[in-house]
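Q: Hey, dropping target.pdb in here, PDB, C-alpha atoms, pLDDT in the B column:
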```pdb
ATOM      1  CA  MET A   1     -11.020  33.670  -7.500  1.00 38.00           C
ATOM      2  CA  THR A   2      -8.971  36.865  -7.631  1.00 37.00           C
ATOM      3  CA  ASN A   3      -8.009  38.488 -10.925  1.00 36.00           C
ATOM      4  CA  ILE A   4      -4.361  37.601 -10.300  1.00 33.00           C
ATOM      5  CA  THR A   5      -5.219  33.947  -9.609  1.00 30.00           C
ATOM      6  CA  ARG A   6      -7.537  33.780 -12.638  1.00 34.00           C
ATOM      7  CA  ARG A   7      -4.866  35.326 -14.873  1.00 33.00           C
ATOM      8  CA  ALA A   8      -2.174  32.960 -13.598  1.00 30.00           C
ATOM      9  CA  THR A   9      -4.479  30.005 -14.244  1.00 30.00           C
ATOM     10  CA  LEU A  10      -5.235  31.185 -17.774  1.00 33.00           C
ATOM     11  CA  LEU A  11      -1.554  31.813 -18.500  1.00 31.00           C
ATOM     12  CA  GLY A  12      -0.705  28.347 -17.201  1.00 35.00           C
ATOM     13  CA  LEU A  13      -3.361  26.769 -19.433  1.00 33.00           C
ATOM     14  CA  ALA A  14      -2.169  28.748 -22.427  1.00 33.00           C
ATOM     15  CA  ALA A  15       1.432  27.715 -21.803  1.00 32.00           C
ATOM     16  CA  ALA A  16       0.438  24.052 -21.516  1.00 33.00           C
ATOM     17  CA  ALA A  17      -1.570  24.254 -24.736  1.00 35.00           C
ATOM     18  CA  ALA A  18       1.434  25.748 -26.525  1.00 35.00           C
ATOM     19  CA  LEU A  19       3.736  22.858 -25.561  1.00 33.00           C
ATOM     20  CA  PRO A  20       4.768  20.587 -28.416  1.00 38.00           C
ATOM     21  CA  ALA A  21       3.543  16.977 -28.294  1.00 37.00           C
ATOM     22  CA  PRO A  22       6.894  15.583 -27.002  1.00 42.00           C
ATOM     23  CA  ALA A  23       6.737  17.948 -24.012  1.00 37.00           C
ATOM     24  CA  LEU A  24       3.270  16.653 -23.175  1.00 35.00           C
ATOM     25  CA  ALA A  25       4.655  13.107 -23.333  1.00 53.00           C
ATOM     26  CA  MET A  26       7.149  14.120 -20.630  1.00 65.00           C
ATOM     27  CA  ARG A  27       4.313  14.429 -18.107  1.00 83.00           C
ATOM     28  CA  VAL A  28       4.932  12.754 -14.758  1.00 94.00           C
ATOM     29  CA  PRO A  29       3.423   9.246 -14.812  1.00 96.00           C
ATOM     30  CA  ARG A  30       0.543   8.479 -12.440  1.00 97.00           C
ATOM     31  CA  VAL A  31       0.712   5.125 -10.641  1.00 98.00           C
ATOM     32  CA  LEU A  32      -2.233   3.602  -8.796  1.00 98.00           C
ATOM     33  CA  PHE A  33      -1.857   0.698  -6.360  1.00 98.00           C
ATOM     34  CA  ILE A  34      -4.991  -1.280  -5.527  1.00 98.00           C
ATOM     35  CA  CYS A  35      -5.535  -3.852  -2.793  1.00 97.00           C
ATOM     36  CA  ARG A  36      -8.497  -5.164  -0.863  1.00 96.00           C
ATOM     37  CA  TYR A  37      -8.376  -2.782   2.122  1.00 96.00           C
ATOM     38  CA  ALA A  38      -6.017   0.069   1.094  1.00 96.00           C
ATOM     39  CA  THR A  39      -4.071  -0.027   4.338  1.00 95.00           C
ATOM     40  CA  VAL A  40      -1.342  -2.649   3.954  1.00 97.00           C
ATOM     41  CA  LYS A  41      -0.121  -3.759   0.507  1.00 98.00           C
ATOM     42  CA  SER A  42      -1.203  -0.804  -1.629  1.00 98.00           C
ATOM     43  CA  ALA A  43      -0.371   1.777   1.044  1.00 98.00           C
ATOM     44  CA  THR A  44       3.053   0.229   1.681  1.00 98.00           C
ATOM     45  CA  ALA A  45       3.770   0.067  -2.052  1.00 98.00           C
ATOM     46  CA  ARG A  46       2.639   3.702  -2.441  1.00 98.00           C
ATOM     47  CA  GLU A  47       5.034   4.949   0.219  1.00 98.00           C
ATOM     48  CA  LEU A  48       7.899   2.712  -0.886  1.00 98.00           C
ATOM     49  CA  LEU A  49       7.549   3.843  -4.522  1.00 98.00           C
ATOM     50  CA  ARG A  50       7.505   7.488  -3.432  1.00 98.00           C
ATOM     51  CA  LYS A  51      10.647   6.999  -1.366  1.00 98.00           C
ATOM     52  CA  ARG A  52      12.568   5.017  -3.998  1.00 98.00           C
ATOM     53  CA  ALA A  53      11.512   7.441  -6.758  1.00 97.00           C
ATOM     54  CA  ARG A  54      12.834  10.399  -4.711  1.00 97.00           C
ATOM     55  CA  GLU A  55      16.099   8.549  -4.106  1.00 97.00           C
ATOM     56  CA  ARG A  56      16.505   7.882  -7.837  1.00 96.00           C
ATOM     57  CA  GLY A  57      15.267  11.288  -8.979  1.00 94.00           C
ATOM     58  CA  VAL A  58      12.336   9.802 -10.898  1.00 95.00           C
ATOM     59  CA  GLY A  59       9.201  11.936 -11.065  1.00 95.00           C
ATOM     60  CA  VAL A  60       6.018  10.025 -10.321  1.00 97.00           C
ATOM     61  CA  LYS A  61       2.593  10.654  -8.819  1.00 97.00           C
ATOM     62  CA  VAL A  62       1.417   7.778  -6.659  1.00 98.00           C
ATOM     63  CA  ARG A  63      -1.957   6.913  -5.156  1.00 98.00           C
ATOM     64  CA  SER A  64      -3.411   3.875  -3.463  1.00 98.00           C
ATOM     65  CA  ARG A  65      -7.000   2.730  -3.223  1.00 98.00           C
ATOM     66  CA  GLY A  66      -8.928  -0.115  -1.675  1.00 97.00           C
ATOM     67  CA  ILE A  67     -11.742  -2.220  -3.010  1.00 97.00           C
ATOM     68  CA  THR A  68     -13.330  -2.233   0.451  1.00 96.00           C
ATOM     69  CA  PRO A  69     -11.239   0.101   2.632  1.00 96.00           C
ATOM     70  CA  VAL A  70     -10.751  -1.018   6.216  1.00 94.00           C
ATOM     71  CA  ASP A  71      -7.937   0.071   8.495  1.00 91.00           C
ATOM     72  CA  HIS A  72      -6.282  -3.183   9.492  1.00 90.00           C
ATOM     73  CA  LEU A  73      -2.586  -2.293   9.629  1.00 95.00           C
ATOM     74  CA  PRO A  74      -1.282  -3.627  12.964  1.00 96.00           C
ATOM     75  CA  PRO A  75       0.669  -1.003  14.939  1.00 97.00           C
ATOM     76  CA  ALA A  76       3.688  -3.329  15.204  1.00 97.00           C
ATOM     77  CA  ILE A  77       3.903  -3.728  11.405  1.00 97.00           C
ATOM     78  CA  ARG A  78       3.488   0.020  10.909  1.00 97.00           C
ATOM     79  CA  GLN A  79       6.311   0.710  13.363  1.00 98.00           C
ATOM     80  CA  ARG A  80       8.526  -1.889  11.708  1.00 98.00           C
ATOM     81  CA  LEU A  81       7.991  -0.244   8.302  1.00 98.00           C
ATOM     82  CA  ILE A  82       8.825   3.154   9.784  1.00 98.00           C
ATOM     83  CA  ASP A  83      11.936   1.852  11.575  1.00 98.00           C
ATOM     84  CA  GLN A  84      13.328  -0.410   8.836  1.00 97.00           C
ATOM     85  CA  PHE A  85      12.233   1.350   5.657  1.00 97.00           C
ATOM     86  CA  GLY A  86      11.443   4.911   6.691  1.00 97.00           C
ATOM     87  CA  ILE A  87       7.914   4.693   5.305  1.00 98.00           C
ATOM     88  CA  ASP A  88       4.517   5.059   6.949  1.00 98.00           C
ATOM     89  CA  PRO A  89       1.618   3.344   5.143  1.00 97.00           C
ATOM     90  CA  ALA A  90      -0.778   5.226   7.421  1.00 96.00           C
ATOM     91  CA  ALA A  91       0.437   8.580   6.048  1.00 95.00           C
ATOM     92  CA  GLU A  92      -2.813   8.856   4.075  1.00 96.00           C
ATOM     93  CA  ARG A  93      -6.355   7.872   4.924  1.00 95.00           C
ATOM     94  CA  PRO A  94      -7.591   4.781   3.005  1.00 96.00           C
ATOM     95  CA  GLN A  95      -9.899   5.617   0.114  1.00 97.00           C
ATOM     96  CA  ALA A  96     -12.326   3.519  -1.902  1.00 97.00           C
ATOM     97  CA  LEU A  97     -11.472   2.731  -5.501  1.00 98.00           C
ATOM     98  CA  GLN A  98     -13.587   4.485  -8.145  1.00 97.00           C
ATOM     99  CA  GLN A  99     -13.549   4.126 -11.924  1.00 97.00           C
ATOM    100  CA  ALA A 100     -12.234   7.708 -12.131  1.00 97.00           C
ATOM    101  CA  ASP A 101      -9.094   6.604 -10.233  1.00 98.00           C
ATOM    102  CA  LEU A 102      -8.470   3.931 -12.855  1.00 98.00           C
ATOM    103  CA  ASP A 103      -9.151   6.350 -15.702  1.00 97.00           C
ATOM    104  CA  ARG A 104      -6.591   8.871 -14.389  1.00 97.00           C
ATOM    105  CA  ALA A 105      -3.821   6.315 -13.840  1.00 97.00           C
ATOM    106  CA  ASP A 106      -1.090   5.611 -16.381  1.00 96.00           C
ATOM    107  CA  VAL A 107       0.027   2.495 -14.509  1.00 97.00           C
ATOM    108  CA  VAL A 108      -2.283   0.365 -12.374  1.00 98.00           C
ATOM    109  CA  VAL A 109      -0.871  -2.280 -10.040  1.00 98.00           C
ATOM    110  CA  LEU A 110      -3.261  -4.888  -8.664  1.00 98.00           C
ATOM    111  CA  PHE A 111      -2.742  -6.765  -5.430  1.00 98.00           C
ATOM    112  CA  ASP A 112      -6.331  -8.067  -5.712  1.00 96.00           C
ATOM    113  CA  ASN A 113      -8.675  -8.563  -8.650  1.00 94.00           C
ATOM    114  CA  LEU A 114     -10.797  -5.623  -9.711  1.00 94.00           C
ATOM    115  CA  PRO A 115     -14.529  -5.866  -9.053  1.00 93.00           C
ATOM    116  CA  PRO A 116     -16.515  -6.687 -12.224  1.00 92.00           C
ATOM    117  CA  SER A 117     -18.024  -3.191 -12.249  1.00 93.00           C
ATOM    118  CA  LEU A 118     -14.589  -1.557 -12.714  1.00 95.00           C
ATOM    119  CA  HIS A 119     -12.125  -1.986 -15.554  1.00 92.00           C
ATOM    120  CA  LYS A 120      -8.669  -0.970 -16.763  1.00 93.00           C
ATOM    121  CA  MET A 121      -6.702  -2.300 -19.694  1.00 93.00           C
ATOM    122  CA  GLY A 122      -3.261  -3.747 -18.992  1.00 93.00           C
ATOM    123  CA  PRO A 123      -2.875  -3.544 -15.213  1.00 96.00           C
ATOM    124  CA  LEU A 124       0.246  -5.007 -13.619  1.00 97.00           C
ATOM    125  CA  ASP A 125      -0.616  -8.143 -11.672  1.00 97.00           C
ATOM    126  CA  TRP A 126       1.196  -8.301  -8.335  1.00 98.00           C
ATOM    127  CA  THR A 127      -1.429 -10.535  -6.714  1.00 97.00           C
ATOM    128  CA  ASP A 128       1.248 -13.110  -5.888  1.00 97.00           C
ATOM    129  CA  GLN A 129       2.903 -10.851  -3.297  1.00 97.00           C
ATOM    130  CA  PRO A 130       3.175 -12.688   0.029  1.00 97.00           C
ATOM    131  CA  SER A 131       1.171 -11.345   2.956  1.00 96.00           C
ATOM    132  CA  LEU A 132       2.954  -8.458   4.629  1.00 96.00           C
ATOM    133  CA  LEU A 133       1.315  -9.394   7.923  1.00 95.00           C
ATOM    134  CA  GLU A 134       2.349 -13.062   7.814  1.00 96.00           C
ATOM    135  CA  GLN A 135       5.595 -13.009   5.776  1.00 98.00           C
ATOM    136  CA  PHE A 136       7.157  -9.600   6.342  1.00 97.00           C
ATOM    137  CA  GLU A 137      10.655 -10.183   4.900  1.00 97.00           C
ATOM    138  CA  PRO A 138       9.565 -12.044   1.714  1.00 98.00           C
ATOM    139  CA  SER A 139       6.785  -9.521   1.174  1.00 98.00           C
ATOM    140  CA  MET A 140       9.109  -6.530   1.418  1.00 98.00           C
ATOM    141  CA  ALA A 141      11.723  -8.238  -0.786  1.00 98.00           C
ATOM    142  CA  TYR A 142       8.964  -8.754  -3.371  1.00 98.00           C
ATOM    143  CA  LEU A 143       7.958  -5.089  -3.184  1.00 98.00           C
ATOM    144  CA  GLU A 144      11.546  -3.841  -3.402  1.00 98.00           C
ATOM    145  CA  ALA A 145      12.218  -5.955  -6.519  1.00 98.00           C
ATOM    146  CA  HIS A 146       8.950  -5.082  -8.266  1.00 98.00           C
ATOM    147  CA  ILE A 147       9.147  -1.373  -7.409  1.00 98.00           C
ATOM    148  CA  GLY A 148      12.750  -1.287  -8.628  1.00 97.00           C
ATOM    149  CA  ALA A 149      11.660  -2.791 -11.959  1.00 97.00           C
ATOM    150  CA  LEU A 150       8.726  -0.373 -12.174  1.00 97.00           C
ATOM    151  CA  LEU A 151      11.037   2.594 -11.554  1.00 97.00           C
ATOM    152  CA  ASP A 152      13.401   1.308 -14.268  1.00 95.00           C
ATOM    153  CA  ARG A 153      10.431   1.254 -16.652  1.00 93.00           C
ATOM    154  CA  LEU A 154       9.214   4.720 -15.606  1.00 93.00           C
ATOM    155  CA  ALA A 155      12.705   6.228 -15.852  1.00 88.00           C
ATOM    156  CA  THR A 156      13.267   4.931 -19.379  1.00 81.00           C
ATOM    157  CA  PRO A 157      12.036   7.438 -21.961  1.00 69.00           C
ATOM    158  CA  PRO A 158       9.558   6.037 -24.502  1.00 65.00           C
ATOM    159  CA  VAL A 159      10.986   5.298 -27.930  1.00 63.00           C
TER     160      VAL A 159
END
```
Will you turn the file into structure tokens for me?
A:
Amino acid sequence: MTNITRRATLLGLAAAAALPAPALAMRVPRVLFICRYATVKSATARELLRKRARERGVGVKVRSRGITPVDHLPPAIRQRLIDQFGIDPAAERPQALQQADLDRADVVVLFDNLPPSLHKMGPLDWTDQPSLLEQFEPSMAYLEAHIGALLDRLATPPV
């Protein structure tokens, strides 16, 4: 690490420490989507939330993880999502869910139940989403509605 980089890092840490508590509360929320394989539901939700948040000017950090990651997104579904929604669920490599992912997240959305070895208080349960592979239109309508409601919640300042 160069002296300039080290100094910039230290100044950044000092500035963050000097922020009043309300400024710390203004931190960008971290959303984590979790599904079985990390390539269809959670990855689609991740990209759709990113896109809708940009369109609405809502700051958010979004990740997706899989309980047992396996790439099983059919090319035709991927192309349809790109063409119709301008999103690519394959934009990121699928990653396995770890407890640290849950610990870092402010909002956790489940498309599948968590394994017994992992835990998070108060996750959002979206396990009733229809299969994207078998019911494309109802599945995307579900995601659009739920992501819209989530963005409303994230955009509303805490009281």
Q: Which of these, A:Ser131, A:Ser117, A:Ser139, A:Thr39, has the shortest distance to Leu73 in chain A once you count all atoms listed in the file?
A: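 Under the stated criterion, the closest residue is A:Thr39.
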Q: Evaluate the PyMOL selection byres ((chain A and resi 86) around 12) against this structure - the residues, as a PyMOL selection string, please.
A: chain A and resi 44+47-52+78-85+87-89+91
Q: For Arg36 in chain A, please output as a list in words all residues within 10 Å (counting only C-alpha atoms; exclusion window: fewer than 6 positions along the same chain).
A: Ser42, Arg65, Gly66, Ile67, Thr68, Pro69, Val70, Ala96, Leu97, Leu110, Phe111, Asp112, Asn113 and Leu114 of chain A
Q: Which residue, A:Val31, A:Ala38, A:Ala90, A:Leu150, has the smallest gap to Ala105 in chain A when you use only C-alpha atoms?
A: A:Val31
Q: How far is it from CA of Gln99 in chain A to CA of Leu154 in chain A, in Å with one decimal?
A: 23.1 Å
Q: Render range 91-131 of chain A from the structure in the preceding block as a file of C-alpha atoms, as a PDB file, in the first residue's frame.
A:
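Saved to selection-v8.pdb:
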```pdb
ATOM      1  CA  ALA A  91     -24.149 -11.248 -15.318  1.00  0.00           C
ATOM      2  CA  GLU A  92     -22.512 -12.707 -12.200  1.00  0.00           C
ATOM      3  CA  ARG A  93     -21.204 -16.163 -11.436  1.00  0.00           C
ATOM      4  CA  PRO A  94     -23.403 -18.125  -8.971  1.00  0.00           C
ATOM      5  CA  GLN A  95     -22.002 -18.234  -5.448  1.00  0.00           C
ATOM      6  CA  ALA A  96     -22.756 -20.450  -2.469  1.00  0.00           C
ATOM      7  CA  LEU A  97     -24.548 -18.937   0.497  1.00  0.00           C
ATOM      8  CA  GLN A  98     -22.459 -18.467   3.653  1.00  0.00           C
ATOM      9  CA  GLN A  99     -23.487 -17.231   7.092  1.00  0.00           C
ATOM     10  CA  ALA A 100     -21.334 -14.133   6.489  1.00  0.00           C
ATOM     11  CA  ASP A 101     -23.599 -13.203   3.541  1.00  0.00           C
ATOM     12  CA  LEU A 102     -26.613 -13.310   5.846  1.00  0.00           C
ATOM     13  CA  ASP A 103     -24.810 -11.342   8.546  1.00  0.00           C
ATOM     14  CA  ARG A 104     -23.916  -8.521   6.121  1.00  0.00           C
ATOM     15  CA  ALA A 105     -27.415  -8.193   4.651  1.00  0.00           C
ATOM     16  CA  ASP A 106     -29.970  -5.665   5.875  1.00  0.00           C
ATOM     17  CA  VAL A 107     -32.765  -7.355   3.927  1.00  0.00           C
ATOM     18  CA  VAL A 108     -32.824 -11.060   3.093  1.00  0.00           C
ATOM     19  CA  VAL A 109     -35.311 -12.438   0.571  1.00  0.00           C
ATOM     20  CA  LEU A 110     -35.859 -16.192   0.491  1.00  0.00           C
ATOM     21  CA  PHE A 111     -37.059 -18.111  -2.531  1.00  0.00           C
ATOM     22  CA  ASP A 112     -36.200 -21.361  -0.699  1.00  0.00           C
ATOM     23  CA  ASN A 113     -35.871 -22.247   2.973  1.00  0.00           C
ATOM     24  CA  LEU A 114     -32.513 -21.692   4.613  1.00  0.00           C
ATOM     25  CA  PRO A 115     -30.535 -24.787   5.577  1.00  0.00           C
ATOM     26  CA  PRO A 116     -30.711 -25.513   9.334  1.00  0.00           C
ATOM     27  CA  SER A 117     -27.042 -24.580   9.742  1.00  0.00           C
ATOM     28  CA  LEU A 118     -27.689 -20.971   8.629  1.00  0.00           C
ATOM     29  CA  HIS A 119     -29.929 -18.367  10.216  1.00  0.00           C
ATOM     30  CA  LYS A 120     -31.231 -14.819   9.812  1.00  0.00           C
ATOM     31  CA  MET A 121     -33.949 -13.062  11.750  1.00  0.00           C
ATOM     32  CA  GLY A 122     -36.885 -11.663   9.786  1.00  0.00           C
ATOM     33  CA  PRO A 123     -36.217 -12.683   6.183  1.00  0.00           C
ATOM     34  CA  LEU A 124     -38.821 -11.860   3.544  1.00  0.00           C
ATOM     35  CA  ASP A 125     -40.531 -15.025   2.349  1.00  0.00           C
ATOM     36  CA  TRP A 126     -41.024 -15.052  -1.419  1.00  0.00           C
ATOM     37  CA  THR A 127     -41.092 -18.854  -1.650  1.00  0.00           C
ATOM     38  CA  ASP A 128     -44.502 -18.707  -3.332  1.00  0.00           C
ATOM     39  CA  GLN A 129     -43.083 -17.174  -6.524  1.00  0.00           C
ATOM     40  CA  PRO A 130     -44.099 -19.283  -9.529  1.00  0.00           C
ATOM     41  CA  SER A 131     -41.350 -21.059 -11.447  1.00  0.00           C
TER      42      SER A 131
END
```
